[in-house]
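Text of coords09.cif, listed as mmCIF, C-alpha atoms:
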data_protein
loop_
_atom_site.group_PDB
_atom_site.id
_atom_site.type_symbol
_atom_site.label_atom_id
_atom_site.label_comp_id
_atom_site.auth_asym_id
_atom_site.auth_seq_id
_atom_site.Cartn_x
_atom_site.Cartn_y
_atom_site.Cartn_z
ATOM 1 C CA MET T 1 -6.077 -12.854 7.717
ATOM 2 C CA LEU T 2 -9.364 -12.618 9.554
ATOM 3 C CA GLU T 3 -11.243 -14.012 6.578
ATOM 4 C CA GLU T 4 -8.925 -17.003 6.253
ATOM 5 C CA PHE T 5 -8.073 -17.810 9.879
ATOM 6 C CA GLY T 6 -10.557 -15.999 12.127
ATOM 7 C CA GLU T 7 -9.781 -13.416 14.784
ATOM 8 C CA SER T 8 -8.173 -15.543 17.494
ATOM 9 C CA TYR T 9 -5.984 -17.691 15.254
ATOM 10 C CA SER T 10 -4.924 -14.667 13.179
ATOM 11 C CA GLU T 11 -3.653 -13.010 16.340
ATOM 12 C CA ILE T 12 -1.703 -16.135 17.282
ATOM 13 C CA LEU T 13 -0.169 -16.383 13.814
ATOM 14 C CA ARG T 14 0.881 -12.713 13.778
ATOM 15 C CA ARG T 15 2.462 -13.027 17.200
ATOM 16 C CA ASP T 16 3.975 -16.530 17.208
ATOM 17 C CA LEU T 17 4.540 -17.807 13.659
ATOM 18 C CA HIS T 18 8.164 -17.289 12.633
ATOM 19 C CA LEU T 19 8.388 -16.899 8.867
ATOM 20 C CA HIS T 20 11.569 -18.643 7.752
ATOM 21 C CA GLU T 21 11.640 -16.965 4.341
ATOM 22 C CA LEU T 22 11.511 -13.548 6.041
ATOM 23 C CA ASP T 23 14.501 -13.842 8.379
ATOM 24 C CA ASP T 24 12.582 -16.052 10.817
ATOM 25 C CA LYS T 25 10.640 -13.051 12.131
ATOM 26 C CA THR T 26 6.988 -12.877 13.118
ATOM 27 C CA ALA T 27 4.409 -10.876 11.193
ATOM 28 C CA ASN T 28 4.194 -8.390 14.068
ATOM 29 C CA GLU T 29 7.965 -7.849 13.993
ATOM 30 C CA LEU T 30 7.964 -7.450 10.218
ATOM 31 C CA LEU T 31 5.066 -4.991 10.249
ATOM 32 C CA ALA T 32 6.842 -2.921 12.922
ATOM 33 C CA GLU T 33 9.890 -2.819 10.651
ATOM 34 C CA GLY T 34 7.800 -1.576 7.734
ATOM 35 C CA GLU T 35 7.654 -4.754 5.636
ATOM 36 C CA ASP T 36 4.970 -4.812 2.945
ATOM 37 C CA PRO T 37 1.875 -6.559 4.412
ATOM 38 C CA LYS T 38 1.331 -8.379 1.110
ATOM 39 C CA VAL T 39 4.801 -9.949 1.323
ATOM 40 C CA ILE T 40 4.015 -11.068 4.878
ATOM 41 C CA TRP T 41 0.605 -12.428 3.874
ATOM 42 C CA LEU T 42 2.066 -14.475 1.033
ATOM 43 C CA ALA T 43 4.711 -15.931 3.355
ATOM 44 C CA ILE T 44 1.982 -16.868 5.847
ATOM 45 C CA CYS T 45 -0.065 -18.466 3.063
ATOM 46 C CA LYS T 46 2.892 -20.600 1.980
ATOM 47 C CA THR T 47 3.798 -21.601 5.540
ATOM 48 C CA GLN T 48 0.204 -22.457 6.468
ATOM 49 C CA GLN T 49 -0.440 -24.186 3.116
ATOM 50 C CA VAL T 50 -3.334 -21.940 2.159
ATOM 51 C CA PRO T 51 -4.417 -22.927 -1.379
ATOM 52 C CA LYS T 52 -3.143 -20.453 -3.996
ATOM 53 C CA SER T 53 -6.723 -19.860 -5.062
ATOM 54 C CA ARG T 54 -7.295 -18.085 -1.703
ATOM 55 C CA TRP T 55 -4.104 -15.995 -1.538
ATOM 56 C CA ALA T 56 -6.084 -12.992 -2.792
ATOM 57 C CA GLY T 57 -9.014 -13.752 -0.472
ATOM 58 C CA LYS T 58 -11.862 -16.179 -0.686
ATOM 59 C CA PRO T 59 -13.624 -16.234 -4.063
ATOM 60 C CA VAL T 60 -16.728 -14.075 -4.326
ATOM 61 C CA VAL T 61 -19.681 -15.626 -6.116
ATOM 62 C CA LYS T 62 -21.450 -13.014 -8.202
ATOM 63 C CA ARG T 63 -25.133 -13.333 -8.888
ATOM 64 C CA ILE T 64 -26.639 -12.617 -12.249
ATOM 65 C CA GLY T 65 -27.636 -8.974 -12.320
ATOM 66 C CA ASP T 66 -24.969 -7.780 -9.856
ATOM 67 C CA THR T 67 -23.547 -4.537 -11.156
ATOM 68 C CA GLN T 68 -20.695 -4.105 -8.686
#

Take the structure in this file and express it as C-alpha cells.
Amino acid sequence: MLEEFGESYSEILRRDLHLHELDDKTANELLAEGEDPKVIWLAICKTQQVPKSRWAGKPVVKRIGDTQ
C-alpha cells in the first residue's frame, strides 16, 4: 500500500475505508480477524480504482545486463 498510496494515505485507507465486498469492514478490522492481506489489497484496489496493471505493485523496469 505504501508504494501505491504513500504512508499517510495508506494509514487512512486501512483505518477508514469500509470495503463493501468484505462485509463493509475496514482493512484493519479484517487483518485483526485474520483475513488474507492479498484479498484485502485486491478489494482496496477495486474500490480505489487502481489500474489492474498495478495490483501486483508498480512495474519494475529492468536494464539490459541486470541479472536479478

Best match for closeness to T:His18 among T:Met1, T:Ile44, T:Val50, T:Val61, counting only C-alpha atoms: T:Ile44

The PyMOL selection byres ((chain T and resi 56) around 12) resolved against shown file, as a PyMOL selection string: chain T and resi 1+3-4+38+41-42+45+50-55+57-60

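Residues in contact with T:Leu17 at up to 12 Å, not including ones fewer than 2 positions away on its chain and judged by all atoms listed in the file, are T:Tyr9, T:Ser10, T:Glu11, T:Ile12, T:Leu13, T:Arg14, T:Arg15, T:Leu19, T:His20, T:Glu21, T:Leu22, T:Asp23, T:Asp24, T:Lys25, T:Thr26, T:Ala27, T:Asn28, T:Glu29, T:Leu30, T:Ile40, T:Trp41, T:Ala43, T:Ile44, T:Cys45, T:Thr47, T:Gln48.
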
Writer output for current selection, C-alpha atoms, as a compact mmCIF listing (two decimals), in the coordinates of the input:
# COMPACT_ATOMS: atom_id res chain seq x y z
CA TYR T 9 -5.98 -17.69 15.25
CA SER T 10 -4.92 -14.67 13.18
CA GLU T 11 -3.65 -13.01 16.34
CA ILE T 12 -1.70 -16.14 17.28
CA LEU T 13 -0.17 -16.38 13.81
CA ARG T 14 0.88 -12.71 13.78
CA ARG T 15 2.46 -13.03 17.20
CA LEU T 19 8.39 -16.90 8.87
CA HIS T 20 11.57 -18.64 7.75
CA GLU T 21 11.64 -16.96 4.34
CA LEU T 22 11.51 -13.55 6.04
CA ASP T 23 14.50 -13.84 8.38
CA ASP T 24 12.58 -16.05 10.82
CA LYS T 25 10.64 -13.05 12.13
CA THR T 26 6.99 -12.88 13.12
CA ALA T 27 4.41 -10.88 11.19
CA ASN T 28 4.19 -8.39 14.07
CA GLU T 29 7.96 -7.85 13.99
CA LEU T 30 7.96 -7.45 10.22
CA ILE T 40 4.01 -11.07 4.88
CA TRP T 41 0.60 -12.43 3.87
CA ALA T 43 4.71 -15.93 3.36
CA ILE T 44 1.98 -16.87 5.85
CA CYS T 45 -0.06 -18.47 3.06
CA THR T 47 3.80 -21.60 5.54
CA GLN T 48 0.20 -22.46 6.47
